[in-house]
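What follows is the content of target29.txt (compact mmCIF, C-alpha atoms and all ligand atoms).
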# COMPACT_ATOMS: atom_id res chain seq x y z
CA MET G 1 89.81 87.07 107.21
CA GLY G 2 88.94 83.93 105.23
CA ASN G 3 85.23 84.73 105.15
CA LEU G 4 85.89 88.28 104.10
CA ILE G 5 88.02 87.11 101.20
CA GLU G 6 85.47 84.53 100.13
CA LYS G 7 82.85 87.25 100.02
CA ARG G 8 85.09 89.53 97.95
CA ILE G 9 85.86 86.73 95.51
CA GLU G 10 82.17 86.01 95.12
CA ILE G 11 81.47 89.65 94.21
CA PHE G 12 84.48 89.77 91.93
CA ARG G 13 83.34 86.67 90.05
CA LYS G 14 80.08 88.40 89.22
CA ASN G 15 82.10 91.29 87.79
CA LEU G 16 84.05 88.80 85.68
CA GLU G 17 80.89 87.50 84.17
CA LYS G 18 79.58 91.01 83.47
CA ASN G 19 82.80 91.83 81.68
CA ASN G 20 82.66 88.67 79.60
CA LEU G 21 85.91 87.25 81.00
CA ASP G 22 86.43 83.65 82.07
CA THR G 23 89.76 84.22 83.88
CA PHE G 24 91.34 87.19 85.59
CA MET G 25 95.02 87.64 86.29
CA VAL G 26 95.78 89.83 89.33
CA LEU G 27 99.24 91.42 89.49
CA VAL G 28 98.71 94.62 91.47
CA GLU G 29 100.15 93.91 94.92
CA GLN G 30 97.25 95.47 96.85
CA ASN G 31 94.66 93.77 94.64
CA ARG G 32 96.38 90.42 95.19
CA TYR G 33 96.26 90.93 98.95
CA TYR G 34 92.66 92.09 98.86
CA LEU G 35 91.47 88.97 97.04
CA SER G 36 93.73 86.37 98.67
CA GLY G 37 95.43 87.59 101.86
CA TYR G 38 98.81 86.94 100.23
CA THR G 39 101.35 89.55 101.38
CA GLY G 40 104.21 88.88 98.92
CA GLU G 41 105.83 92.18 97.95
CA ASP G 42 106.93 93.10 94.44
CA THR G 43 109.85 95.21 95.77
CA GLN G 44 110.16 97.20 92.55
CA PHE G 45 108.00 97.86 89.51
CA ASP G 46 109.68 95.34 87.20
CA GLU G 47 109.56 92.46 89.67
CA THR G 48 106.61 90.36 90.80
CA ALA G 49 105.87 88.19 93.79
CA GLY G 50 103.31 86.32 91.71
CA ALA G 51 99.82 86.45 90.25
CA LEU G 52 96.35 85.30 91.13
CA PHE G 53 94.23 83.61 88.48
CA ILE G 54 90.56 83.82 89.29
CA LYS G 55 87.99 81.70 87.47
CA PRO G 56 84.34 81.13 88.33
CA ASP G 57 85.22 77.70 89.73
CA GLN G 58 88.97 77.77 90.39
CA LEU G 59 91.54 79.88 92.20
CA VAL G 60 95.26 79.67 91.42
CA LEU G 61 98.14 81.61 92.96
CA ALA G 62 101.29 81.33 90.87
CA THR G 63 104.59 82.36 92.43
CA ASP G 64 108.23 81.35 92.63
CA SER G 65 110.12 79.35 95.25
CA ARG G 66 110.92 82.43 97.34
CA PHE G 67 107.26 82.76 98.23
CA ASP G 68 105.53 79.40 97.83
CA LEU G 69 105.40 78.45 101.53
CA GLN G 70 104.17 81.90 102.46
CA ALA G 71 101.54 81.80 99.71
CA LYS G 72 100.21 78.39 100.85
CA HIS G 73 100.03 79.60 104.41
CA GLU G 74 98.36 82.95 103.69
CA SER G 75 96.00 81.95 100.88
CA PRO G 76 94.38 78.61 101.75
CA LEU G 77 91.56 79.23 99.25
CA TYR G 78 94.06 79.13 96.39
CA GLU G 79 95.90 76.30 94.71
CA VAL G 80 99.55 77.43 94.77
CA ILE G 81 101.63 76.78 91.66
CA THR G 82 105.40 77.35 91.81
CA TYR G 83 106.95 78.41 88.52
CA LYS G 84 110.65 77.93 87.77
CA LYS G 85 111.23 79.98 84.62
CA GLY G 86 109.22 83.09 85.38
CA LEU G 87 105.55 83.93 85.23
CA GLU G 88 105.38 84.63 81.48
CA LYS G 89 106.57 81.14 80.54
CA GLU G 90 104.12 79.51 82.97
CA ILE G 91 101.01 81.25 81.70
CA PRO G 92 100.26 78.86 78.79
CA THR G 93 100.26 75.93 81.25
CA ILE G 94 97.98 77.82 83.61
CA ALA G 95 95.66 78.88 80.77
CA GLN G 96 95.41 75.28 79.64
CA LYS G 97 94.74 74.03 83.15
CA LEU G 98 92.00 76.62 83.62
CA ASN G 99 90.62 76.19 80.11
CA THR G 100 90.99 79.94 79.59
CA LYS G 101 89.63 81.71 76.53
CA ARG G 102 89.45 85.34 77.62
CA MET G 103 91.89 86.42 80.31
CA GLY G 104 91.47 89.87 81.84
CA PHE G 105 94.61 91.65 83.02
CA GLU G 106 95.26 94.93 84.84
CA SER G 107 96.42 97.33 82.15
CA ILE G 108 97.93 99.63 84.78
CA ARG G 109 100.34 96.92 85.94
CA LEU G 110 101.21 94.53 83.12
CA SER G 111 104.05 96.14 81.18
CA PHE G 112 104.08 96.21 77.40
CA LEU G 113 107.15 93.98 77.47
CA GLN G 114 105.43 91.41 79.70
CA TYR G 115 102.37 91.53 77.48
CA GLN G 116 104.48 90.80 74.43
CA LYS G 117 106.26 87.92 76.15
CA ILE G 118 103.01 86.34 77.33
CA ARG G 119 101.47 86.69 73.87
CA LYS G 120 104.53 85.05 72.33
CA GLU G 121 104.50 82.18 74.83
CA LEU G 122 100.81 81.53 74.22
CA ASP G 123 101.29 81.56 70.45
CA GLU G 124 104.36 79.33 70.57
CA GLN G 125 102.84 76.88 73.03
CA SER G 126 99.91 76.37 70.64
CA GLN G 127 97.33 78.48 72.42
CA PRO G 128 96.79 81.34 69.97
CA ASP G 129 93.05 81.36 70.79
CA VAL G 130 93.58 82.63 74.35
CA LYS G 131 92.71 86.33 74.28
CA LEU G 132 94.37 88.78 76.65
CA MET G 133 91.86 91.49 77.56
CA ALA G 134 92.96 94.85 79.02
CA THR G 135 90.87 96.01 81.98
CA GLU G 136 90.88 99.01 84.27
CA ASN G 137 89.98 99.38 87.95
CA MET G 138 88.11 96.08 88.26
CA VAL G 139 89.48 95.29 91.72
CA GLU G 140 90.23 98.93 92.59
CA ASN G 141 86.54 99.82 92.25
CA MET G 142 85.71 97.21 94.85
CA ARG G 143 88.48 98.45 97.13
CA MET G 144 87.02 101.97 97.12
CA ILE G 145 84.15 100.90 99.37
CA LYS G 146 85.61 99.83 102.70
CA GLU G 147 84.24 97.13 104.95
CA GLU G 148 83.93 98.11 108.63
CA SER G 149 86.97 96.01 109.50
CA GLU G 150 88.98 97.97 106.93
CA ILE G 151 87.78 101.26 108.43
CA ASP G 152 88.94 100.01 111.85
CA ALA G 153 92.32 99.09 110.37
CA LEU G 154 92.65 102.61 108.93
CA LYS G 155 91.66 104.13 112.28
CA ASN G 156 94.37 102.10 114.02
CA ALA G 157 96.97 103.23 111.49
CA LEU G 158 95.87 106.83 111.95
CA LYS G 159 95.92 106.58 115.74
CA ILE G 160 99.62 105.67 115.79
CA ALA G 161 100.41 108.57 113.45
CA GLU G 162 98.51 111.07 115.61
CA ASP G 163 99.59 109.81 119.03
CA VAL G 164 103.27 109.88 118.18
CA PHE G 165 103.10 113.34 116.61
CA TYR G 166 101.31 115.02 119.49
CA GLU G 167 103.65 113.39 121.97
CA PHE G 168 106.77 114.52 120.24
CA ILE G 169 106.05 118.06 118.99
CA PRO G 170 106.41 119.70 122.42
CA HIS G 171 110.05 118.59 122.24
CA LEU G 172 110.76 120.33 118.93
CA LYS G 173 113.49 122.96 119.17
CA ALA G 174 114.74 125.65 116.83
CA GLY G 175 118.03 124.49 115.34
CA MET G 176 116.98 120.89 114.64
CA THR G 177 117.16 119.99 110.97
CA GLU G 178 114.20 118.70 108.96
CA LYS G 179 116.06 115.40 108.50
CA GLU G 180 116.68 114.99 112.22
CA ILE G 181 113.01 115.64 112.94
CA SER G 182 111.76 113.21 110.31
CA TRP G 183 114.09 110.46 111.53
CA TRP G 184 113.05 111.05 115.12
CA MET G 185 109.43 110.82 114.06
CA GLU G 186 110.01 107.67 112.00
CA LYS G 187 111.77 105.92 114.88
CA GLN G 188 108.94 106.68 117.28
CA LEU G 189 106.29 105.63 114.76
CA ARG G 190 108.03 102.28 114.32
CA GLU G 191 108.43 101.83 118.06
CA ALA G 192 104.73 102.56 118.48
CA GLY G 193 103.98 99.56 116.26
CA ALA G 194 103.88 100.88 112.69
CA ASP G 195 104.89 98.23 110.11
CA ALA G 196 106.31 100.94 107.85
CA LEU G 197 105.70 104.52 106.80
CA SER G 198 102.95 105.06 104.23
CA PHE G 199 105.44 107.26 102.31
CA PRO G 200 108.60 109.24 103.21
CA SER G 201 107.44 111.83 105.76
CA ILE G 202 107.39 115.49 104.78
CA VAL G 203 108.90 117.90 107.28
CA ALA G 204 109.10 121.25 105.51
CA SER G 205 110.14 124.44 107.31
CA GLY G 206 109.88 128.09 106.32
CA PRO G 207 109.99 128.62 102.54
CA ASN G 208 110.27 124.84 101.98
CA SER G 209 106.67 124.48 103.19
CA ALA G 210 105.53 126.34 100.05
CA LEU G 211 106.34 123.13 98.13
CA PRO G 212 103.39 120.76 98.60
CA HIS G 213 105.67 117.73 98.18
CA ALA G 214 108.85 119.05 99.75
CA ILE G 215 111.73 116.63 100.36
CA VAL G 216 113.30 116.73 103.83
CA SER G 217 116.55 118.67 103.86
CA ASP G 218 119.36 119.70 106.17
CA ARG G 219 117.64 123.05 106.76
CA LYS G 220 117.38 123.98 110.44
CA ILE G 221 113.96 124.99 111.71
CA LYS G 222 113.81 128.56 113.00
CA GLU G 223 111.59 130.69 115.18
CA GLY G 224 109.01 132.74 113.35
CA GLU G 225 108.34 130.13 110.66
CA PRO G 226 105.74 127.52 109.83
CA VAL G 227 106.69 123.83 109.77
CA LEU G 228 104.50 121.58 107.63
CA PHE G 229 104.26 117.86 108.42
CA ASP G 230 102.66 115.23 106.18
CA TRP G 231 103.09 111.62 107.27
CA GLY G 232 101.36 108.33 107.81
CA VAL G 233 101.97 104.73 108.72
CA LYS G 234 101.17 101.31 107.36
CA LEU G 235 99.62 98.91 109.80
CA LYS G 236 98.47 95.44 108.72
CA GLY G 237 98.47 96.63 105.13
CA TYR G 238 96.41 99.79 105.67
CA CYS G 239 97.83 103.30 105.20
CA SER G 240 97.10 106.45 107.19
CA ASP G 241 97.77 109.94 105.84
CA ILE G 242 97.69 113.16 107.86
CA SER G 243 99.09 116.71 107.61
CA ARG G 244 99.52 119.33 110.28
CA THR G 245 101.22 122.72 110.22
CA ILE G 246 102.73 124.26 113.32
CA PHE G 247 104.44 127.56 114.02
CA LEU G 248 107.64 127.98 115.95
CA GLY G 249 107.33 130.96 118.29
CA THR G 250 104.56 133.56 118.26
CA PRO G 251 102.54 133.35 115.07
CA ASP G 252 102.41 136.52 113.03
CA HIS G 253 99.35 138.00 111.37
CA THR G 254 100.07 136.35 108.00
CA PHE G 255 100.29 132.87 109.48
CA ARG G 256 97.10 133.31 111.52
CA LYS G 257 95.19 134.49 108.47
CA ILE G 258 96.45 131.69 106.21
CA PHE G 259 95.91 129.05 108.86
CA GLN G 260 92.35 130.16 109.56
CA THR G 261 91.52 130.20 105.84
CA VAL G 262 92.84 126.65 105.35
CA TYR G 263 91.08 125.42 108.47
CA ASP G 264 87.75 126.94 107.43
CA ALA G 265 88.10 125.48 103.91
CA GLN G 266 88.71 122.04 105.41
CA GLN G 267 85.75 122.25 107.81
CA LYS G 268 83.39 123.47 105.09
CA ALA G 269 84.39 120.62 102.80
CA ILE G 270 84.00 118.01 105.57
CA GLU G 271 80.57 119.38 106.48
CA ALA G 272 79.51 119.36 102.82
CA ILE G 273 80.39 115.72 102.11
CA ARG G 274 77.37 113.56 101.28
CA PRO G 275 76.97 110.36 99.31
CA GLY G 276 76.05 111.21 95.73
CA MET G 277 78.33 114.24 95.49
CA THR G 278 81.19 114.15 93.03
CA GLY G 279 84.82 114.59 94.00
CA LYS G 280 84.77 117.79 92.00
CA GLN G 281 81.86 119.23 93.96
CA VAL G 282 83.55 118.59 97.31
CA ASP G 283 86.80 120.07 96.01
CA GLN G 284 84.88 123.13 94.87
CA VAL G 285 83.56 123.86 98.38
CA ALA G 286 87.09 124.22 99.75
CA ARG G 287 88.43 125.92 96.63
CA GLU G 288 85.69 128.54 96.52
CA HIS G 289 86.34 129.38 100.14
CA ILE G 290 90.05 129.94 99.52
CA ASP G 291 89.47 131.72 96.22
CA GLY G 292 87.09 134.12 97.98
CA THR G 293 90.02 135.45 100.05
CA GLU G 294 93.22 137.28 99.19
CA PHE G 295 94.79 133.81 98.73
CA LYS G 296 92.92 133.15 95.51
CA GLY G 297 94.78 130.67 93.32
CA LYS G 298 97.22 129.62 96.07
CA PHE G 299 95.57 126.20 96.56
CA ALA G 300 97.06 124.45 93.58
CA HIS G 301 96.43 120.73 94.18
CA GLY G 302 93.37 118.51 94.54
CA LEU G 303 91.49 118.47 97.85
CA GLY G 304 91.95 114.79 98.66
CA HIS G 305 92.14 111.15 97.70
CA GLY G 306 90.99 107.76 98.80
CA THR G 307 93.26 105.83 101.11
CA GLY G 308 93.31 102.16 102.06
CA LEU G 309 95.73 99.40 101.10
CA ALA G 310 97.42 102.07 98.95
CA VAL G 311 98.00 105.52 100.39
CA HIS G 312 96.68 107.15 97.22
CA GLU G 313 93.70 105.45 95.64
CA ASN G 314 90.30 106.27 94.23
CA PRO G 315 88.10 108.21 94.61
CA ARG G 316 89.80 111.57 94.12
CA LEU G 317 88.47 114.91 95.34
CA SER G 318 89.74 117.07 92.53
CA PRO G 319 88.56 119.71 90.03
CA LEU G 320 89.41 117.11 87.37
CA ARG G 321 87.37 114.19 88.70
CA GLU G 322 83.71 113.27 88.68
CA ASP G 323 84.12 110.26 91.03
CA LEU G 324 80.82 109.70 92.87
CA LEU G 325 81.02 109.49 96.65
CA GLU G 326 79.39 106.45 98.24
CA PRO G 327 78.99 105.29 101.83
CA GLY G 328 82.06 103.38 102.98
CA MET G 329 84.60 105.38 101.00
CA VAL G 330 87.53 106.77 102.99
CA VAL G 331 89.04 110.01 101.70
CA THR G 332 91.48 112.63 102.88
CA VAL G 333 90.45 116.29 103.03
CA GLU G 334 93.62 118.35 102.69
CA PRO G 335 93.37 121.93 101.51
CA GLY G 336 96.50 124.07 101.56
CA ILE G 337 97.75 127.56 100.81
CA TYR G 338 101.28 127.99 99.48
CA ILE G 339 103.11 131.32 99.19
CA PRO G 340 106.45 131.07 97.36
CA GLY G 341 109.26 132.51 99.47
CA TRP G 342 107.15 132.55 102.64
CA GLY G 343 105.86 129.02 103.11
CA GLY G 344 102.64 127.10 103.32
CA VAL G 345 99.92 125.61 105.47
CA ARG G 346 98.19 122.27 104.84
CA LEU G 347 95.77 120.45 107.11
CA GLU G 348 94.76 116.90 106.28
CA ASN G 349 92.20 114.70 107.96
CA MET G 350 90.80 111.32 106.96
CA VAL G 351 87.04 110.85 106.79
CA VAL G 352 84.69 108.02 105.97
CA VAL G 353 81.61 108.78 103.88
CA ARG G 354 78.46 107.72 105.75
CA ASP G 355 74.78 107.90 104.78
CA TYR G 356 74.45 111.12 106.79
CA GLY G 357 77.74 112.77 105.77
CA ALA G 358 81.38 112.54 106.75
CA GLU G 359 82.68 110.82 109.89
CA VAL G 360 86.13 112.19 110.76
CA LEU G 361 88.57 109.41 111.66
CA ASN G 362 91.12 111.71 113.30
CA LYS G 363 91.01 112.09 117.05
CA THR G 364 92.69 115.48 116.89
CA ASP G 365 91.17 118.39 115.11
CA ALA G 366 93.49 121.03 113.75
CA SER G 367 91.43 123.98 115.00
CA LYS G 368 94.34 125.36 117.00
CA PHE G 369 97.75 125.40 115.44
CA GLU G 370 100.43 124.26 117.79
CA VAL G 371 102.57 127.14 118.94
CA LEU G 372 105.93 126.21 120.39
CA ASP G 373 107.95 128.47 122.65
CO CO V 1 97.33 112.88 101.40
Can you present the structure in this file as structure tokens?
Ligand code: CO
Amino acid sequence: MGNLIEKRIEIFRKNLEKNNLDTFMVLVEQNRYYLSGYTGEDTQFDETAGALFIKPDQLVLATDSRFDLQAKHESPLYEVITYKKGLEKEIPTIAQKLNTKRMGFESIRLSFLQYQKIRKELDEQSQPDVKLMATENMVENMRMIKEESEIDALKNALKIAEDVFYEFIPHLKAGMTEKEISWWMEKQLREAGADALSFPSIVASGPNSALPHAIVSDRKIKEGEPVLFDWGVKLKGYCSDISRTIFLGTPDHTFRKIFQTVYDAQQKAIEAIRPGMTGKQVDQVAREHIDGTEFKGKFAHGLGHGTGLAVHENPRLSPLREDLLEPGMVVTVEPGIYIPGWGGVRLENMVVVRDYGAEVLNKTDASKFEVLD
């Protein structure tokens, strides 16, 4: 991993120069990991496990005593500094040590309050000349293009998610609650080696499946209804994301029609994917297919999103986004149709953009919905 990180830092340093910055402070957990291998977790949005400071000729990882041994072990390329009074108070010392003039920060992560505190510390500790420069997506843009080892890591995370699901669905029975099913699934995913879930699993039955982001409830699954699953696992930092919809009992005409429409929309979009297309164009392929049927307007969310160290990352496949697809990007393709009162169907696969088109990472294709007796 050391070589990989060195290479990333080298590329990132060129970006620094292009953006006229001499130092960059990294606070986003996934960005920190990507550029250092350090796995310290922030736990919640107003806490931090530390920051990287990247200069053309120096690398510093600042953290507190909870993490300093871990940081030294995981990030041998970095000089580890342990602060005692919080990161904000330490920054003037770090800026002086690094001879910083223009420090880039991630505007999506540094809170306004933190910004104010850092500014105040710099001013009071006689460094008013240090400029704090807001940036956007500097590391995230690098993370969009996956290295082959990252693609393998995503495949491994997806394999656990798929294997466990297809092993356990034959055991589903009418009368189990959504909560029971999701806990059963979570237990088996963890036993199969998952480090964590990518997000709380969705198990949505009957009318609940009409809510794209349904929360698991005490509702019992019944015969004659769809059950929508959306889940994924984290493995060595990388997140899988998959959706399948099954039917309990003999599927009726409505379900067959909706399922086929969603499946065809997904296949068309996957076949259309090429480098150079925008996220909007790919989204349009699936959307036009659905809107050409009686289910016009019932696909109300974007078609997909990047996935990697974060389960939702750029690029987006969405009517609102012009993100350009490039080889090495990994995106989900997840059309759905949602009918209030009846339910919904969503099918989600993960694909990697290649020179020739899309390579599907899933081993299972959703061409046949699972029917349970
Ligand atoms: Co997704």
Residues near Phe165 (chain G), cut-off 12 Å, only C-alpha atoms, skip fewer than 3 positions along chain, as a short mmCIF file (atom, residue, chain, number, x, y, z; two decimals) with C-alpha atoms, keeping the file's coordinate frame:
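So the final result, stored in selection.cif, reads:
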data_model
loop_
_atom_site.label_atom_id
_atom_site.label_comp_id
_atom_site.auth_asym_id
_atom_site.auth_seq_id
_atom_site.Cartn_x
_atom_site.Cartn_y
_atom_site.Cartn_z
CA LEU G 158 95.87 106.83 111.95
CA LYS G 159 95.92 106.58 115.74
CA ILE G 160 99.62 105.67 115.79
CA ALA G 161 100.41 108.57 113.45
CA GLU G 162 98.51 111.07 115.61
CA PHE G 168 106.77 114.52 120.24
CA ILE G 169 106.05 118.06 118.99
CA PRO G 170 106.41 119.70 122.42
CA HIS G 171 110.05 118.59 122.24
CA LEU G 172 110.76 120.33 118.93
CA ILE G 181 113.01 115.64 112.94
CA SER G 182 111.76 113.21 110.31
CA TRP G 184 113.05 111.05 115.12
CA MET G 185 109.43 110.82 114.06
CA GLU G 186 110.01 107.67 112.00
CA LYS G 187 111.77 105.92 114.88
CA GLN G 188 108.94 106.68 117.28
CA LEU G 189 106.29 105.63 114.76
CA ALA G 192 104.73 102.56 118.48
CA SER G 201 107.44 111.83 105.76
CA VAL G 203 108.90 117.90 107.28
CA PHE G 229 104.26 117.86 108.42
CA ASP G 230 102.66 115.23 106.18
CA TRP G 231 103.09 111.62 107.27
CA GLY G 232 101.36 108.33 107.81
CA VAL G 233 101.97 104.73 108.72
CA ILE G 242 97.69 113.16 107.86
CA SER G 243 99.09 116.71 107.61
CA ARG G 244 99.52 119.33 110.28
CA THR G 245 101.22 122.72 110.22
CA ILE G 246 102.73 124.26 113.32
CA THR G 364 92.69 115.48 116.89
CA GLU G 370 100.43 124.26 117.79
#
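Nearest-residue note for Arg143 (chain G): choosing from G:Phe255, G:Trp342, G:Tyr34, G:Tyr356, the minimum distance belongs to G:Tyr34, counting all atoms listed in the file.
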Just want the residues within 10 Å of ligand CO 1 (chain V), written as a list in words, counting only C-alpha atoms and all ligand atoms.
Phe199, Asp230, Trp231, Gly232, Ser240, Asp241, Ile242, Ser243, Gly302, Leu303, Gly304, His305, Gly306, Thr307, Val311, His312, Val331, Thr332, Val333, Glu334, Pro335, Leu347, Glu348, Asn349 and Met350 of chain G
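With all atoms listed in the file as the basis for measurement, G:Glu150 is the residue among G:Asp283, G:Asp218, G:Glu17, G:Glu150 that approaches Leu309 (chain G) most closely.
The space separating CA of Asn137 (chain G) from CA of Glu106 (chain G) comes to 7.6 Å.
Note that CA of Gly308 (chain G) and CA of Thr23 (chain G) are 25.8 Å apart.
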Spatial sel., origin (97.6, 126.1, 97.6), limit 6 Å, all atoms listed in the file, listed as a ChimeraX atom specification:
/G:298-300,336-338
